[in-house]
Amino acid sequence: MSPISLLSVLTEDLLVRVYTRLGSDSDRKTWRIVCKNFLRVDLVTRRSLRILRFEFLQRLLFKYTNLDSLDLSVCPRIEDGAISLLLSRPEWLNWTRCLTRLTLSGATGLRHSGLELLLRACPRLEAVDVSYCWGYGDMEASAISCAKGLRELRMDKCLGVTDVGLAKIAVGCGKLERLSLKWCMEISDLGVDLLCKKCLDLKSLDVSYLKLTSESLRSIASLPKLEVLAMSGCAFVDDVGLQFLENRCPLLQVIDISRCEFLTYSGLQSVARGHNGLLQLNAGCCLSRLPATVLHCLKDMKNLNTIRIDGARVSDSSLEIISSNCKSLVEIGLSKCVGVTDMGIMQLVSGCVDLKIVNLTCCRSITDAAISALAKSCWKLVCLKLESCDKVTEKSLNQLGSCCLGLEEIDLTDCSGVDDKGLKYLSGCSELLCLKLGLCTNISDKGLAYIACNCTRISELDLYRCTGIGDDGLAALTNGCKKLMKLNLSYCNGVTDRGMHYIGHLKELSDLEMRGLINITSVGLTAVAAGCKRLAELDLKHCERIDDSGFWALAYYSRNMRQINMSYCAVSDVGLCMVMGNLTRLQDAKLVHLTKVTVKGFELALRACSVRIRKLKLNSRLRLVLSSETLETLHARGCMFRWD
């Protein structure tokens, strides 16, 4: 009698319950290849899909018919013709019936006709993201208005959308609850006024960096359900605008007025008086000072959990008032605040013991005394930013490593007092996910080894200009931090090709900056390309010893590459054409000062990637010598140029 397989006795219901507990894409990928039963469970159960390669689009959508969410933001070559073909046969449309969320961020090749076809084919759509489609204008806005059931829409940096396009969306999508118009520079008070009259269910509105005046706030104040208002960088809004909000929008919980340069403490006082239920207040980089009268208004905000006053002048008494009045604070932003002292921080943390996120960037007067008090009082700390706090030493890191065991992110950029001993203490924070040590010139391979040994969950590490770091440190790092996804080694000139071989063992690495590594050759780049198959973003600027052989390896192995900086490299026509032609997911390339590449080489390379490339940075002289046909083709397909 043949033995019974354990898998054969597992019911589909049990398999589904196991599948739903898989936490990562790599785990789900492994699940799919176990057997046909596991694959069938994946096909039936999967609710979200992010497609990376256009050639698999049709096949995947035919298989996955129960999708709630579809993300095409990193899939190049999405154009009107492709959408028309995709929707041309009824048997290919099963995936559209359940879809409620569609992400098209950066899909610059898809224009109004394809967009309208796609949205009309998905009758249950509730959320659409077309942010960073900078070529989108009123015609695309009109296409979006066909999605009558939309409740959430992101249009950040759709630069061509005007009041006319916004009016069409307001009329067509009356059920909107969340709308982001950040950087849509052609929208004015008129469009916002009509929006507020037609979309009365709006709960979240982002109008950051629009050329609006206080009249828009008069309109926004009429929204009865508004909970979140972001208006960062609205340079023409003044205190009068905030006064319109004082006794309106009763459900307002979050407001962002950062970088609104004409606002004063008087406007902030109006907001504070009228909204006792506020949870988050961002007034960063817009107030020169914080009078006690404003701070005393905070005492009625019993639920306030976030306050950011970056750039303001504060005093010890200011922080004492915040400590007394805001007992529920979990986040405070004091970046670049003038007047922050040890005493002020001590008074702050004596009352705000639940703080989890603290930003003290460029508070240069802070010493170990303040950080020690913070660590002892706020043991729930998750994120701490101390960039340019150069009086912080290993004493602070000792307290953090002993008290704040749940710390996940710390920024120590340009903290000259941090050394290897400090990193040994900090390694007690074994839950660290993000560590920034840029410009910390007193650390070496020894300190990095302490981190690698104990902080194995790190996914992001910044070692920018850490000149004491070399190959041995990278050996320890790659041995301990297997989950590293983002690494900055720029200008770490102690690193050689041997170090790059160690980097090649980081299978999860997706973002690598190695700018200015003068000792790296094509041998090192080949090792990275062959080992780091998930690499999507790579910065090689000023790696002048890397020649065509390294770029050939990159073109062969790095098929997931989406963004690359090759400026000042020794690549020739052949190497450039190989990279631009073979990397079929490449969408962003910086190609400045490539002295070995001819005009003809640039022409061939740009034609090879013209279907998918979205952003290009080139020498300004090429603007005059490249053929108008090539430039017009790229522009028509949604490519944005930056001329250096």
# chains A, B, ... in the order shown; residues from 1 in each chain; ligands from 1
$ select_by_dssp --residues "stretch 96-338 of chain A" --states "helix (DSSP H, G or I)" --output "MDAnalysis selection string"
chainID A and resid 96 112:120 138:144 163:172 189:198 214:220 239:245 265:274 292:300 316:325
$ residues_around --residues "A:His593" --least-positions-apart "2" --cutoff "10 Å" --atoms "only C-alpha atoms" --output "PyMOL selection string"
chain A and resi 541-542+566-570+590-591+595-597+618-619+644
$ closest_residue --among "A:Glu331, A:Ser69, A:Arg32, A:Leu223" --to "A:Leu49" --atoms "only C-alpha atoms"
A:Ser69
$ closest_atom_pairs --of "stretch 364-412 of chain A" --to "stretch 435-448 of chain A" --cutoff "6 Å" --atoms "only C-alpha atoms" --output "tab-separated table"
residue	atom	partner	partner_atom	distance
A:Glu409	CA	A:Leu435	CA	6.0
A:Ile410	CA	A:Leu435	CA	5.4
A:Asp411	CA	A:Lys436	CA	4.7
A:Leu412	CA	A:Leu437	CA	5.2
$ select_by_dssp --residues "stretch 124-314 of chain A" --states "strand (DSSP E or B)" --output "PyMOL selection string"
chain A and resi 127-129+137+152-154+160+178-180+204-206+213+228-230+236+254-256+280-282+289+306-308+313
$ residues_around --residues "stretch 176-186 of chain A" --least-positions-apart "2" --cutoff "6 Å" --atoms "only C-alpha atoms" --output "NGL selection string"
:A and (150-159 or 162 or 173-174 or 201-210)
$ closest_residue --among "A:Ser377, A:Ser549, A:Thr367, A:Asn94" --to "A:Ser396" --atoms "only C-alpha atoms"
A:Thr367
$ closest_atom_pairs --of "stretch 601-622 of chain A" --to "stretch 102-107 of chain A" --cutoff "12 Å" --atoms "only C-alpha atoms" --output "JSON lines"
{"residue": "A:Val611", "atom": "CA", "partner": "A:Ala107", "partner_atom": "CA", "distance": 11.8}
{"residue": "A:Arg612", "atom": "CA", "partner": "A:Ala107", "partner_atom": "CA", "distance": 9.6}
{"residue": "A:Ile613", "atom": "CA", "partner": "A:Ala107", "partner_atom": "CA", "distance": 10.4}
{"residue": "A:Arg614", "atom": "CA", "partner": "A:Gly106", "partner_atom": "CA", "distance": 8.0}
{"residue": "A:Lys615", "atom": "CA", "partner": "A:Gly106", "partner_atom": "CA", "distance": 10.1}
$ write_last_selection --atoms "N, CA, C and O atoms" --output "mmCIF file, in the first residue's frame"
data_model
loop_
_atom_site.group_PDB
_atom_site.id
_atom_site.type_symbol
_atom_site.label_atom_id
_atom_site.label_comp_id
_atom_site.auth_asym_id
_atom_site.auth_seq_id
_atom_site.Cartn_x
_atom_site.Cartn_y
_atom_site.Cartn_z
ATOM 1 N N VAL A 611 9.539 53.064 -25.493
ATOM 2 C CA VAL A 611 8.186 52.593 -25.179
ATOM 3 C C VAL A 611 7.899 52.667 -23.682
ATOM 4 O O VAL A 611 6.771 52.921 -23.266
ATOM 5 N N ARG A 612 8.932 52.487 -22.846
ATOM 6 C CA ARG A 612 8.692 52.332 -21.409
ATOM 7 C C ARG A 612 9.290 53.427 -20.532
ATOM 8 O O ARG A 612 8.875 53.595 -19.387
ATOM 9 N N ILE A 613 10.297 54.164 -21.004
ATOM 10 C CA ILE A 613 10.997 55.117 -20.146
ATOM 11 C C ILE A 613 10.084 56.282 -19.770
ATOM 12 O O ILE A 613 9.319 56.786 -20.594
ATOM 13 N N ARG A 614 10.143 56.709 -18.491
ATOM 14 C CA ARG A 614 9.264 57.776 -18.007
ATOM 15 C C ARG A 614 10.028 59.041 -17.639
ATOM 16 O O ARG A 614 9.495 60.137 -17.733
ATOM 17 N N LYS A 615 11.276 58.899 -17.182
ATOM 18 C CA LYS A 615 12.067 60.059 -16.780
ATOM 19 C C LYS A 615 13.499 59.893 -17.285
ATOM 20 O O LYS A 615 14.085 58.815 -17.153
#
$ residues_around --residues "A:Val161" --least-positions-apart "4" --cutoff "6 Å" --atoms "only C-alpha atoms" --output "number ranges by chain"
A: 137-138, 165
$ write_last_selection --atoms "N, CA, C and O atoms" --output "PDB file, in the first residue's frame"
ATOM      1  N   GLY A 137      -4.410  65.692 -18.182  1.00  0.00           N
ATOM      2  CA  GLY A 137      -5.094  66.969 -18.191  1.00  0.00           C
ATOM      3  C   GLY A 137      -6.588  66.786 -18.066  1.00  0.00           C
ATOM      4  O   GLY A 137      -7.074  65.776 -17.525  1.00  0.00           O
ATOM      5  N   ASP A 138      -7.334  67.721 -18.621  1.00  0.00           N
ATOM      6  CA  ASP A 138      -8.791  67.700 -18.451  1.00  0.00           C
ATOM      7  C   ASP A 138      -9.457  66.530 -19.163  1.00  0.00           C
ATOM      8  O   ASP A 138     -10.501  66.039 -18.719  1.00  0.00           O
ATOM      9  N   GLY A 165     -11.406  70.233 -15.600  1.00  0.00           N
ATOM     10  CA  GLY A 165     -11.307  68.801 -15.326  1.00  0.00           C
ATOM     11  C   GLY A 165     -11.815  68.448 -13.943  1.00  0.00           C
ATOM     12  O   GLY A 165     -12.512  67.440 -13.756  1.00  0.00           O
TER      13      GLY A 165
END
$ residues_around --residues "stretch 60-66 of chain A" --least-positions-apart "4" --cutoff "12 Å" --atoms "only C-alpha atoms" --output "ChimeraX atom specification"
/A:39-56,70-72,86-87,89-100
$ write_last_selection --atoms "C-alpha atoms" --output "CSV table (one decimal), in the first residue's frame"
chain,number,residue,atom,x,y,z
A,39,LEU,CA,-1.5,27.0,-6.8
A,40,ARG,CA,-5.3,26.7,-7.1
A,41,VAL,CA,-5.7,28.1,-3.6
A,42,ASP,CA,-3.5,31.0,-4.6
A,43,LEU,CA,-5.6,31.7,-7.7
A,44,VAL,CA,-8.9,31.6,-5.8
A,45,THR,CA,-7.8,33.4,-2.6
A,46,ARG,CA,-5.5,36.1,-3.8
A,47,ARG,CA,-7.2,39.6,-3.6
A,48,SER,CA,-4.4,41.9,-4.7
A,49,LEU,CA,-1.9,41.8,-7.5
A,50,ARG,CA,1.1,44.0,-8.4
A,51,ILE,CA,2.2,43.3,-12.0
A,52,LEU,CA,5.9,44.0,-12.8
A,53,ARG,CA,6.1,42.8,-16.4
A,54,PHE,CA,3.8,43.8,-19.2
A,55,GLU,CA,4.1,40.6,-21.1
A,56,PHE,CA,2.5,38.7,-18.2
A,70,LEU,CA,-4.7,45.8,-9.1
A,71,ASP,CA,-1.4,47.8,-9.1
A,72,LEU,CA,0.1,48.7,-12.5
A,86,LEU,CA,-6.8,43.5,-23.0
A,87,LEU,CA,-10.5,44.3,-22.9
A,89,ARG,CA,-12.6,39.7,-25.6
A,90,PRO,CA,-15.4,39.0,-23.1
A,91,GLU,CA,-13.7,35.8,-21.7
A,92,TRP,CA,-10.8,38.0,-20.6
A,93,LEU,CA,-12.9,40.3,-18.5
A,94,ASN,CA,-13.7,38.2,-15.4
A,95,TRP,CA,-11.1,40.0,-13.4
A,96,THR,CA,-12.9,43.3,-13.8
A,97,ARG,CA,-16.1,42.2,-12.0
A,98,CYS,CA,-14.8,42.4,-8.4
A,99,LEU,CA,-12.1,45.0,-8.8
A,100,THR,CA,-12.5,47.9,-6.3
$ atom_distance --atom1 "atom CA of A:Ala143" --atom2 "atom CA of A:Glu632"
24.6 Å
$ closest_residue --among "A:Lys36, A:Arg259, A:Lys356, A:Lys197" --to "A:Thr306" --atoms "only C-alpha atoms"
A:Lys356
$ closest_residue --among "A:Leu190, A:Ala608, A:Ala375, A:Leu279" --to "A:Ser219" --atoms "only C-alpha atoms"
A:Leu190
